[in-house]
>>> print(open('model13.cif').read())   # mmCIF, C-alpha atoms and all ligand atoms
data_data
loop_
_atom_site.group_PDB
_atom_site.id
_atom_site.type_symbol
_atom_site.label_atom_id
_atom_site.label_comp_id
_atom_site.auth_asym_id
_atom_site.auth_seq_id
_atom_site.Cartn_x
_atom_site.Cartn_y
_atom_site.Cartn_z
ATOM 1 C CA MET A 843 73.623 62.859 140.157
ATOM 2 C CA SER A 844 71.805 65.960 138.944
ATOM 3 C CA LEU A 845 70.440 66.455 135.474
ATOM 4 C CA GLN A 846 68.873 69.776 136.412
ATOM 5 C CA GLY A 847 68.773 72.164 133.458
ATOM 6 C CA LYS A 848 68.847 69.312 130.937
ATOM 7 C CA THR A 849 65.968 68.314 128.681
ATOM 8 C CA ALA A 850 65.556 64.611 127.967
ATOM 9 C CA VAL A 851 63.487 63.411 125.011
ATOM 10 C CA ILE A 852 62.463 59.769 125.340
ATOM 11 C CA THR A 853 60.785 58.152 122.335
ATOM 12 C CA GLY A 854 58.049 55.586 122.985
ATOM 13 C CA SER A 855 57.701 56.516 126.629
ATOM 14 C CA ASN A 856 54.056 56.109 127.613
ATOM 15 C CA SER A 857 54.774 52.518 128.685
ATOM 16 C CA GLY A 858 57.434 50.019 129.733
ATOM 17 C CA ILE A 859 61.143 50.840 129.556
ATOM 18 C CA GLY A 860 60.645 54.313 128.038
ATOM 19 C CA LEU A 861 58.383 55.348 130.891
ATOM 20 C CA GLY A 862 60.816 53.831 133.406
ATOM 21 C CA VAL A 863 63.706 55.781 131.864
ATOM 22 C CA ALA A 864 61.646 58.999 131.791
ATOM 23 C CA ARG A 865 60.859 58.597 135.487
ATOM 24 C CA GLU A 866 64.540 58.094 136.411
ATOM 25 C CA MET A 867 65.531 61.117 134.269
ATOM 26 C CA ALA A 868 62.905 63.194 136.100
ATOM 27 C CA ARG A 869 64.071 61.819 139.468
ATOM 28 C CA ALA A 870 67.549 63.126 138.555
ATOM 29 C CA GLY A 871 66.043 66.557 137.862
ATOM 30 C CA ALA A 872 65.811 66.610 134.055
ATOM 31 C CA SER A 873 62.875 68.119 132.196
ATOM 32 C CA VAL A 874 61.316 65.264 130.262
ATOM 33 C CA VAL A 875 59.463 64.948 126.987
ATOM 34 C CA LEU A 876 57.342 61.818 126.772
ATOM 35 C CA ASN A 877 56.270 60.502 123.384
ATOM 36 C CA SER A 878 54.200 57.950 121.550
ATOM 37 C CA PHE A 879 51.988 57.856 118.463
ATOM 38 C CA THR A 880 48.716 58.337 120.382
ATOM 39 C CA ASP A 881 47.261 61.581 121.715
ATOM 40 C CA ARG A 882 45.023 60.484 124.567
ATOM 41 C CA ASP A 883 44.179 62.292 127.777
ATOM 42 C CA GLU A 884 45.992 59.572 129.699
ATOM 43 C CA ASP A 885 49.224 60.261 127.742
ATOM 44 C CA HIS A 886 49.185 63.891 128.884
ATOM 45 C CA ALA A 887 48.102 62.838 132.387
ATOM 46 C CA LEU A 888 51.188 60.620 132.588
ATOM 47 C CA ALA A 889 53.415 63.639 131.929
ATOM 48 C CA ALA A 890 51.468 65.690 134.482
ATOM 49 C CA SER A 891 51.922 62.981 137.122
ATOM 50 C CA ILE A 892 55.695 62.875 136.521
ATOM 51 C CA ALA A 893 55.854 66.678 136.764
ATOM 52 C CA GLU A 894 54.007 66.574 140.069
ATOM 53 C CA GLU A 895 55.923 63.638 141.557
ATOM 54 C CA PHE A 896 59.419 64.908 140.740
ATOM 55 C CA GLY A 897 58.884 68.701 140.529
ATOM 56 C CA VAL A 898 60.188 68.949 136.965
ATOM 57 C CA VAL A 899 58.784 70.147 133.658
ATOM 58 C CA ALA A 900 57.247 67.153 131.872
ATOM 59 C CA ARG A 901 55.380 67.210 128.570
ATOM 60 C CA TYR A 902 53.874 64.648 126.255
ATOM 61 C CA ILE A 903 54.334 65.152 122.498
ATOM 62 C CA LYS A 904 52.606 62.930 119.956
ATOM 63 C CA ALA A 905 54.840 61.802 117.089
ATOM 64 C CA ASP A 906 54.765 58.564 115.118
ATOM 65 C CA MET A 907 58.256 57.061 115.132
ATOM 66 C CA SER A 908 57.467 55.071 111.981
ATOM 67 C CA LYS A 909 57.539 58.365 110.047
ATOM 68 C CA GLY A 910 60.868 60.121 109.507
ATOM 69 C CA ASP A 911 59.422 63.638 109.359
ATOM 70 C CA GLU A 912 57.543 63.143 112.656
ATOM 71 C CA CYS A 913 60.732 61.850 114.323
ATOM 72 C CA ARG A 914 62.524 65.035 113.322
ATOM 73 C CA GLN A 915 59.544 67.229 114.263
ATOM 74 C CA LEU A 916 59.554 65.708 117.776
ATOM 75 C CA ILE A 917 63.050 67.113 118.360
ATOM 76 C CA THR A 918 61.977 70.536 117.057
ATOM 77 C CA ASP A 919 58.796 70.541 119.141
ATOM 78 C CA ALA A 920 60.732 69.527 122.274
ATOM 79 C CA GLY A 921 62.345 73.005 122.121
ATOM 80 C CA GLY A 922 65.677 71.635 123.290
ATOM 81 C CA CYS A 923 67.239 68.198 123.489
ATOM 82 C CA ASP A 924 70.289 67.603 125.679
ATOM 83 C CA ILE A 925 69.545 63.936 126.234
ATOM 84 C CA LEU A 926 68.010 61.737 123.547
ATOM 85 C CA ILE A 927 66.784 58.286 124.477
ATOM 86 C CA ASN A 928 65.776 56.245 121.422
ATOM 87 C CA ASN A 929 63.472 53.662 122.905
ATOM 88 C CA ALA A 930 60.333 53.244 120.734
ATOM 89 C CA GLY A 931 60.069 49.678 119.569
ATOM 90 C CA ILE A 932 57.727 46.915 118.480
ATOM 91 C CA GLN A 933 58.104 43.184 117.945
ATOM 92 C CA HIS A 934 56.713 40.488 115.678
ATOM 93 C CA VAL A 935 57.613 36.821 115.872
ATOM 94 C CA ALA A 936 57.455 34.561 112.762
ATOM 95 C CA PRO A 937 59.722 32.334 110.674
ATOM 96 C CA ILE A 938 61.383 34.389 107.942
ATOM 97 C CA ASP A 939 59.507 32.720 105.063
ATOM 98 C CA GLU A 940 56.198 33.614 106.742
ATOM 99 C CA PHE A 941 57.273 37.026 108.050
ATOM 100 C CA PRO A 942 54.710 39.615 106.831
ATOM 101 C CA ALA A 943 56.468 42.282 104.757
ATOM 102 C CA ASP A 944 54.457 45.084 106.394
ATOM 103 C CA LYS A 945 55.631 43.924 109.839
ATOM 104 C CA TRP A 946 59.236 43.854 108.583
ATOM 105 C CA ASP A 947 58.879 47.438 107.300
ATOM 106 C CA ALA A 948 57.257 48.671 110.520
ATOM 107 C CA ILE A 949 59.894 47.099 112.776
ATOM 108 C CA ILE A 950 62.781 48.469 110.703
ATOM 109 C CA ALA A 951 61.121 51.919 110.632
ATOM 110 C CA ILE A 952 60.228 52.182 114.335
ATOM 111 C CA ASN A 953 63.091 50.217 115.922
ATOM 112 C CA MET A 954 65.936 51.437 113.686
ATOM 113 C CA ASN A 955 65.160 54.222 111.203
ATOM 114 C CA SER A 956 63.594 56.429 113.905
ATOM 115 C CA ALA A 957 66.962 56.567 115.697
ATOM 116 C CA PHE A 958 68.587 57.794 112.484
ATOM 117 C CA HIS A 959 66.052 60.611 112.135
ATOM 118 C CA THR A 960 66.028 61.704 115.791
ATOM 119 C CA MET A 961 69.827 61.649 116.054
ATOM 120 C CA ALA A 962 70.174 63.587 112.794
ATOM 121 C CA ALA A 963 67.821 66.240 114.189
ATOM 122 C CA ALA A 964 69.183 66.272 117.757
ATOM 123 C CA LEU A 965 72.939 66.410 117.166
ATOM 124 C CA PRO A 966 72.940 69.997 115.802
ATOM 125 C CA VAL A 967 70.863 71.065 118.849
ATOM 126 C CA MET A 968 73.333 69.357 121.209
ATOM 127 C CA ARG A 969 76.290 70.966 119.407
ATOM 128 C CA GLU A 970 74.717 74.385 119.759
ATOM 129 C CA ARG A 971 74.180 73.827 123.492
ATOM 130 C CA GLY A 972 77.698 72.383 123.925
ATOM 131 C CA TRP A 973 76.723 69.083 125.554
ATOM 132 C CA GLY A 974 74.784 65.997 124.614
ATOM 133 C CA ARG A 975 74.028 62.403 125.475
ATOM 134 C CA VAL A 976 72.400 59.825 123.214
ATOM 135 C CA VAL A 977 71.277 56.535 124.719
ATOM 136 C CA ASN A 978 69.842 54.016 122.297
ATOM 137 C CA ILE A 979 67.790 51.222 123.811
ATOM 138 C CA ALA A 980 68.972 48.298 121.688
ATOM 139 C CA SER A 981 68.676 44.736 123.029
ATOM 140 C CA ALA A 982 70.538 41.520 123.733
ATOM 141 C CA HIS A 983 69.190 40.917 120.223
ATOM 142 C CA GLY A 984 71.507 43.723 119.060
ATOM 143 C CA LEU A 985 74.394 41.416 119.935
ATOM 144 C CA THR A 986 72.967 37.902 119.490
ATOM 145 C CA ALA A 987 70.062 36.347 117.563
ATOM 146 C CA SER A 988 67.023 34.175 118.223
ATOM 147 C CA PRO A 989 64.888 32.326 115.674
ATOM 148 C CA TYR A 990 61.693 33.968 114.382
ATOM 149 C CA LYS A 991 62.860 37.515 115.137
ATOM 150 C CA ALA A 992 64.557 38.428 111.848
ATOM 151 C CA ALA A 993 63.324 42.021 111.647
ATOM 152 C CA TYR A 994 63.889 42.780 115.332
ATOM 153 C CA VAL A 995 67.394 41.274 115.348
ATOM 154 C CA ALA A 996 68.298 43.105 112.121
ATOM 155 C CA ALA A 997 66.980 46.427 113.482
ATOM 156 C CA LYS A 998 68.721 46.092 116.848
ATOM 157 C CA HIS A 999 72.058 45.110 115.253
ATOM 158 C CA GLY A 1000 71.556 48.187 113.059
ATOM 159 C CA VAL A 1001 71.033 50.384 116.110
ATOM 160 C CA VAL A 1002 74.251 49.081 117.695
ATOM 161 C CA GLY A 1003 76.153 49.815 114.465
ATOM 162 C CA MET A 1004 74.635 53.287 114.192
ATOM 163 C CA THR A 1005 75.556 53.965 117.842
ATOM 164 C CA LYS A 1006 79.232 53.245 117.116
ATOM 165 C CA THR A 1007 79.189 55.424 113.996
ATOM 166 C CA VAL A 1008 77.638 58.425 115.766
ATOM 167 C CA ALA A 1009 80.120 58.005 118.644
ATOM 168 C CA LEU A 1010 82.993 58.272 116.174
ATOM 169 C CA GLU A 1011 81.432 61.291 114.471
ATOM 170 C CA THR A 1012 81.102 63.080 117.859
ATOM 171 C CA ALA A 1013 84.243 61.675 119.523
ATOM 172 C CA GLN A 1014 85.974 65.060 119.881
ATOM 173 C CA GLU A 1015 82.886 66.861 121.115
ATOM 174 C CA PRO A 1016 81.220 66.852 124.572
ATOM 175 C CA ILE A 1017 78.643 64.427 123.215
ATOM 176 C CA THR A 1018 78.477 60.675 123.771
ATOM 177 C CA CYS A 1019 76.401 57.975 122.115
ATOM 178 C CA ASN A 1020 75.906 54.550 123.659
ATOM 179 C CA ALA A 1021 73.456 51.686 123.577
ATOM 180 C CA ILE A 1022 71.854 49.782 126.433
ATOM 181 C CA CYS A 1023 71.219 46.135 125.589
ATOM 182 C CA PRO A 1024 68.514 44.737 127.866
ATOM 183 C CA GLY A 1025 67.784 41.060 128.193
ATOM 184 C CA TYR A 1026 64.182 40.307 129.113
ATOM 185 C CA VAL A 1027 62.325 43.025 131.016
ATOM 186 C CA LEU A 1028 58.695 42.269 131.879
ATOM 187 C CA THR A 1029 56.908 45.067 129.997
ATOM 188 C CA PRO A 1030 53.777 45.137 127.786
ATOM 189 C CA LEU A 1031 55.997 44.323 124.754
ATOM 190 C CA VAL A 1032 57.195 41.107 126.396
ATOM 191 C CA GLU A 1033 53.720 40.251 127.741
ATOM 192 C CA ALA A 1034 52.422 40.440 124.167
ATOM 193 C CA GLN A 1035 54.964 37.832 123.000
ATOM 194 C CA ILE A 1036 53.867 35.236 125.538
ATOM 195 C CA PRO A 1037 50.668 33.982 123.771
ATOM 196 C CA ASP A 1038 52.440 33.530 120.385
ATOM 197 C CA THR A 1039 55.372 31.782 121.997
ATOM 198 C CA MET A 1040 52.983 29.534 123.954
ATOM 199 C CA LYS A 1041 51.445 28.496 120.611
ATOM 200 C CA GLU A 1042 54.805 28.182 118.826
ATOM 201 C CA TYR A 1043 56.251 25.827 121.460
ATOM 202 C CA ASP A 1044 52.974 24.369 122.789
ATOM 203 C CA MET A 1045 53.825 25.456 126.333
ATOM 204 C CA SER A 1046 52.050 27.035 129.310
ATOM 205 C CA ARG A 1047 52.712 30.669 130.277
ATOM 206 C CA GLU A 1048 54.996 29.583 133.158
ATOM 207 C CA GLU A 1049 56.946 27.246 130.861
ATOM 208 C CA VAL A 1050 57.411 30.014 128.280
ATOM 209 C CA ILE A 1051 58.735 32.411 130.950
ATOM 210 C CA LYS A 1052 61.085 29.853 132.518
ATOM 211 C CA ASN A 1053 62.126 27.670 129.578
ATOM 212 C CA VAL A 1054 62.035 30.101 126.634
ATOM 213 C CA MET A 1055 62.369 33.703 127.815
ATOM 214 C CA LEU A 1056 64.603 33.297 130.842
ATOM 215 C CA LYS A 1057 66.331 30.229 129.385
ATOM 216 C CA ARG A 1058 69.111 32.462 128.081
ATOM 217 C CA GLN A 1059 69.090 34.801 131.091
ATOM 218 C CA PRO A 1060 71.364 32.997 133.579
ATOM 219 C CA SER A 1061 70.172 35.116 136.532
ATOM 220 C CA LYS A 1062 66.672 33.644 135.917
ATOM 221 C CA GLU A 1063 65.220 37.044 136.753
ATOM 222 C CA PHE A 1064 63.655 39.695 134.543
ATOM 223 C CA ALA A 1065 65.578 42.983 134.479
ATOM 224 C CA THR A 1066 63.552 46.028 135.605
ATOM 225 C CA VAL A 1067 62.653 49.320 133.964
ATOM 226 C CA GLU A 1068 64.214 51.132 136.949
ATOM 227 C CA GLN A 1069 67.545 49.426 136.170
ATOM 228 C CA MET A 1070 67.291 50.667 132.568
ATOM 229 C CA GLY A 1071 66.584 54.196 133.803
ATOM 230 C CA GLY A 1072 69.392 54.137 136.374
ATOM 231 C CA THR A 1073 71.886 53.036 133.733
ATOM 232 C CA ALA A 1074 70.692 55.757 131.334
ATOM 233 C CA VAL A 1075 71.154 58.363 134.098
ATOM 234 C CA PHE A 1076 74.672 57.000 134.748
ATOM 235 C CA LEU A 1077 75.488 57.380 131.028
ATOM 236 C CA CYS A 1078 74.530 61.054 131.370
ATOM 237 C CA SER A 1079 76.865 61.585 134.344
ATOM 238 C CA ASP A 1080 80.378 63.044 134.312
ATOM 239 C CA ALA A 1081 81.723 59.612 135.270
ATOM 240 C CA ALA A 1082 80.543 58.385 131.863
ATOM 241 C CA ALA A 1083 81.955 61.291 129.831
ATOM 242 C CA GLN A 1084 84.550 59.020 128.174
ATOM 243 C CA ILE A 1085 82.148 56.135 127.655
ATOM 244 C CA THR A 1086 81.065 56.354 124.037
ATOM 245 C CA GLY A 1087 80.377 54.028 121.144
ATOM 246 C CA THR A 1088 79.765 51.037 123.340
ATOM 247 C CA THR A 1089 77.002 48.801 124.624
ATOM 248 C CA ILE A 1090 76.033 48.118 128.223
ATOM 249 C CA SER A 1091 74.247 44.810 128.664
ATOM 250 C CA ILE A 1092 71.612 44.538 131.396
ATOM 251 C CA ASP A 1093 70.763 40.934 130.723
ATOM 252 C CA GLY A 1094 71.494 38.818 133.815
ATOM 253 C CA GLY A 1095 74.490 37.267 132.011
ATOM 254 C CA TRP A 1096 72.772 36.376 128.695
ATOM 255 C CA THR A 1097 75.617 37.611 126.469
ATOM 256 C CA ALA A 1098 78.279 35.980 128.677
ATOM 257 C CA LEU A 1099 77.071 32.526 127.658
HETATM 258 P P1 LIG B 1101 56.465 48.621 125.352
HETATM 259 O O1 LIG B 1101 55.559 48.030 124.328
HETATM 260 O O2 LIG B 1101 56.044 48.651 126.775
HETATM 261 O O3 LIG B 1101 56.868 50.084 124.944
HETATM 262 C C1 LIG B 1101 57.113 50.451 123.614
HETATM 263 C C2 LIG B 1101 56.877 51.938 123.505
HETATM 264 O O4 LIG B 1101 57.050 52.321 122.139
HETATM 265 C C3 LIG B 1101 55.444 52.321 123.900
HETATM 266 O O5 LIG B 1101 55.476 53.527 124.621
HETATM 267 C C4 LIG B 1101 54.760 52.500 122.559
HETATM 268 O O6 LIG B 1101 53.681 53.391 122.630
HETATM 269 C C5 LIG B 1101 55.908 53.063 121.759
HETATM 270 N N1 LIG B 1101 55.706 52.983 120.317
HETATM 271 C C6 LIG B 1101 55.363 51.912 119.577
HETATM 272 N N2 LIG B 1101 55.213 52.256 118.290
HETATM 273 C C7 LIG B 1101 55.476 53.588 118.229
HETATM 274 C C8 LIG B 1101 55.462 54.536 117.184
HETATM 275 N N3 LIG B 1101 55.143 54.211 115.931
HETATM 276 N N4 LIG B 1101 55.766 55.826 117.477
HETATM 277 C C9 LIG B 1101 56.055 56.194 118.749
HETATM 278 N N5 LIG B 1101 56.083 55.328 119.774
HETATM 279 C C10 LIG B 1101 55.792 54.056 119.514
HETATM 280 O O7 LIG B 1101 57.850 47.840 125.179
HETATM 281 P P2 LIG B 1101 59.218 47.871 126.007
HETATM 282 O O8 LIG B 1101 59.515 46.471 126.373
HETATM 283 O O9 LIG B 1101 59.196 48.911 127.052
HETATM 284 O O10 LIG B 1101 60.236 48.248 124.847
HETATM 285 C C11 LIG B 1101 60.914 49.478 124.797
HETATM 286 C C12 LIG B 1101 62.206 49.287 124.013
HETATM 287 O O11 LIG B 1101 63.046 48.379 124.717
HETATM 288 C C13 LIG B 1101 61.995 48.707 122.615
HETATM 289 O O12 LIG B 1101 62.864 49.331 121.702
HETATM 290 C C14 LIG B 1101 62.377 47.256 122.809
HETATM 291 O O13 LIG B 1101 62.815 46.676 121.626
HETATM 292 C C15 LIG B 1101 63.483 47.376 123.836
HETATM 293 N N6 LIG B 1101 63.752 46.137 124.567
HETATM 294 C C16 LIG B 1101 62.809 45.594 125.390
HETATM 295 C C17 LIG B 1101 63.113 44.411 126.063
HETATM 296 C C18 LIG B 1101 62.147 43.779 127.004
HETATM 297 O O14 LIG B 1101 62.425 42.664 127.460
HETATM 298 N N7 LIG B 1101 61.039 44.397 127.339
HETATM 299 C C19 LIG B 1101 64.354 43.802 125.890
HETATM 300 C C20 LIG B 1101 65.271 44.376 125.042
HETATM 301 C C21 LIG B 1101 64.964 45.560 124.389
#
>>> encode(input="model13.cif", output="structure tokens")
Amino acid sequence: MSLQGKTAVITGSNSGIGLGVAREMARAGASVVLNSFTDRDEDHALAASIAEEFGVVARYIKADMSKGDECRQLITDAGGCDILINNAGIQHVAPIDEFPADKWDAIIAINMNSAFHTMAAALPVMRERGWGRVVNIASAHGLTASPYKAAYVAAKHGVVGMTKTVALETAQEPITCNAICPGYVLTPLVEAQIPDTMKEYDMSREEVIKNVMLKRQPSKEFATVEQMGGTAVFLCSDAAAQITGTTISIDGGWTAL
């Protein structure tokens, strides 16, 4: 599978799944644009290390995915966008009547609205170049719900709905739009949920992992960032040219239950 000559823009990619996807895109030969809201030396060093390891062009561009204009500017600054991976995301866990309104707004903005803005900016670029792939990193929570995750579940269901809509709008063009729905992947985002969940359920770390997180993941294993990246690369292949408007679950059987 070669993605040589393609430019992939991956939002929220200085960590976790986004970084894993960026690495697999680079391994397949794509130029990659990494992104987050920070502008640290280590962000740029990450891009430099990917460029060196895989022999591709790799850049880091700061843009805050909670701000619509910065989402759109990221696509402009990328100077080309054949592959768009909407991955930036945050989480907050609380019962709905205690859910802080600012957390609700931030989750909806970063996890859902950013995909609207980047897709709106990227589709004309893809049309001009005559080829495009959009892969939205949704979640098992785009298809099912869990208590205390109202904003996240709402945003991820929104992303799945938006994915279907964009697929229909591009159905007769050489552009596809799909969503990957991961179950639990052990990344910094998931690590950060462990202390709150330990408090919520009065459990140890091991009990939270086994009895709460992986309770709904029948394989009893975390999925990996490499599996996310490999699936994203597959969705960019010719074999996937007629796969559009759908979700691919990488959840160890979660949504089969
Ligand atoms: P992570 O915390 O490791 O990575 C999140 C990324 O988003 C980071 O690079 C962070 O810098 C970036 N980000 C956060 N706020 C941003 C902002 N305002 N602007 C730009 N970038 C921003 O988490 P992760 O687990 O790798 O999550 C990545 C995506 O995968 C998220 O959308 C998440 O909802 C989804 N997901 C994760 C899991 C899992 O189990 N880890 C499961 C299902 C879905």
>>> resolve_selection(input="model13.cif", expression="the PyMOL selection byres (((chain A and resi 953) around 9) and not hetatm)", output="PyMOL selection string")
chain A and resi 907-908+928-933+948-952+954-957+980+994+997-998+1001
>>> closest_residue(input="model13.cif", among="A:Ser857, A:Thr1086, A:Ser1061, A:Thr849", to="Gly1025 (chain A)", atoms="only C-alpha atoms")
A:Ser1061
>>> axis_aligned_box(input="model13.cif", around="region 977-984 of chain A", padding_each_side="6 Å", output="lines of an AutoDock Vina configuration file")
center_x = 69.6
center_y = 48.7
center_z = 121.9
size_x = 15.7
size_y = 27.6
size_z = 17.7
>>> residues_around(input="model13.cif", residues="Leu916 (chain A)", least_positions_apart="6", cutoff="8 Å", atoms="all atoms listed in the file", output="VMD selection string")
chain A and resid 903 to 905 960
>>> resolve_selection(input="model13.cif", expression="the PyMOL selection byres (((chain A and resi 979) around 8) and not hetatm)", output="list in words")
Ile927, Asn928, Asn929, Val977, Asn978, Ala980, Ser981, Ala1021, Ile1022, Cys1023 and Pro1024 of chain A
>>> atom_distance(input="model13.cif", atom1="CA of Asn856 (chain A)", atom2="atom C1 of ligand LIG 1101 (chain B)")
7.6 Å
>>> closest_residue(input="model13.cif", among="A:Asp906, A:Asp883, A:Glu1068, A:Glu970", to="ligand LIG 1101 (chain B)", atoms="only C-alpha atoms and all ligand atoms")
A:Asp906
>>> residues_near_point(input="model13.cif", point="(53.4, 35.2, 126.1)", cutoff="12 Å", atoms="all atoms listed in the file", output="list in words")
Val935, Leu1028, Thr1029, Pro1030, Leu1031, Val1032, Glu1033, Ala1034, Gln1035, Ile1036, Pro1037, Asp1038, Thr1039, Met1040, Lys1041, Glu1042, Tyr1043, Asp1044, Met1045, Ser1046, Arg1047, Glu1048, Glu1049, Val1050, Ile1051, Lys1052, Val1054 and Met1055 of chain A
>>> write_last_selection(input="model13.cif", atoms="C-alpha atoms", output="JSON list (two decimals), in the frame of the given file")
[["chain", "number", "residue", "atom", "x", "y", "z"],
["A", 935, "VAL", "CA", 57.61, 36.82, 115.87],
["A", 1028, "LEU", "CA", 58.70, 42.27, 131.88],
["A", 1029, "THR", "CA", 56.91, 45.07, 130.00],
["A", 1030, "PRO", "CA", 53.78, 45.14, 127.79],
["A", 1031, "LEU", "CA", 56.00, 44.32, 124.75],
["A", 1032, "VAL", "CA", 57.20, 41.11, 126.40],
["A", 1033, "GLU", "CA", 53.72, 40.25, 127.74],
["A", 1034, "ALA", "CA", 52.42, 40.44, 124.17],
["A", 1035, "GLN", "CA", 54.96, 37.83, 123.00],
["A", 1036, "ILE", "CA", 53.87, 35.24, 125.54],
["A", 1037, "PRO", "CA", 50.67, 33.98, 123.77],
["A", 1038, "ASP", "CA", 52.44, 33.53, 120.38],
["A", 1039, "THR", "CA", 55.37, 31.78, 122.00],
["A", 1040, "MET", "CA", 52.98, 29.53, 123.95],
["A", 1041, "LYS", "CA", 51.44, 28.50, 120.61],
["A", 1042, "GLU", "CA", 54.80, 28.18, 118.83],
["A", 1043, "TYR", "CA", 56.25, 25.83, 121.46],
["A", 1044, "ASP", "CA", 52.97, 24.37, 122.79],
["A", 1045, "MET", "CA", 53.82, 25.46, 126.33],
["A", 1046, "SER", "CA", 52.05, 27.04, 129.31],
["A", 1047, "ARG", "CA", 52.71, 30.67, 130.28],
["A", 1048, "GLU", "CA", 55.00, 29.58, 133.16],
["A", 1049, "GLU", "CA", 56.95, 27.25, 130.86],
["A", 1050, "VAL", "CA", 57.41, 30.01, 128.28],
["A", 1051, "ILE", "CA", 58.74, 32.41, 130.95],
["A", 1052, "LYS", "CA", 61.08, 29.85, 132.52],
["A", 1054, "VAL", "CA", 62.04, 30.10, 126.63],
["A", 1055, "MET", "CA", 62.37, 33.70, 127.82]]
>>> residues_near_point(input="model13.cif", point="(59.4, 52.0, 134.3)", cutoff="9 Å", atoms="all atoms listed in the file", output="list in words")
Ser857, Gly858, Ile859, Gly860, Leu861, Gly862, Val863, Ala864, Arg865, Glu866, Thr1029, Thr1066, Val1067, Glu1068, Gln1069, Met1070 and Gly1071 of chain A
>>> residues_around(input="model13.cif", residues="Gln1014 (chain A)", least_positions_apart="4", cutoff="12 Å", atoms="only C-alpha atoms", output="VMD selection string")
chain A and resid 969 972 to 973 1008 to 1010 1018 1083 to 1084 1086
>>> write_last_selection(input="model13.cif", atoms="C-alpha atoms", output="PDB file, in the frame of the given file")
ATOM      1  CA  ARG A 969      76.290  70.966 119.407  1.00  0.00           C
ATOM      2  CA  GLY A 972      77.698  72.383 123.925  1.00  0.00           C
ATOM      3  CA  TRP A 973      76.723  69.083 125.554  1.00  0.00           C
ATOM      4  CA  VAL A1008      77.638  58.425 115.766  1.00  0.00           C
ATOM      5  CA  ALA A1009      80.120  58.005 118.644  1.00  0.00           C
ATOM      6  CA  LEU A1010      82.993  58.272 116.174  1.00  0.00           C
ATOM      7  CA  THR A1018      78.477  60.675 123.771  1.00  0.00           C
ATOM      8  CA  ALA A1083      81.955  61.291 129.831  1.00  0.00           C
ATOM      9  CA  GLN A1084      84.550  59.020 128.174  1.00  0.00           C
ATOM     10  CA  THR A1086      81.065  56.354 124.037  1.00  0.00           C
TER      11      THR A1086
END
>>> closest_residue(input="model13.cif", among="A:Leu1099, A:Val851, A:Ile1017, A:Ala1082", to="Ala982 (chain A)", atoms="all atoms listed in the file")
A:Leu1099
>>> atom_distance(input="model13.cif", atom1="CA of Gly1072 (chain A)", atom2="CA of Glu894 (chain A)")
20.1 Å
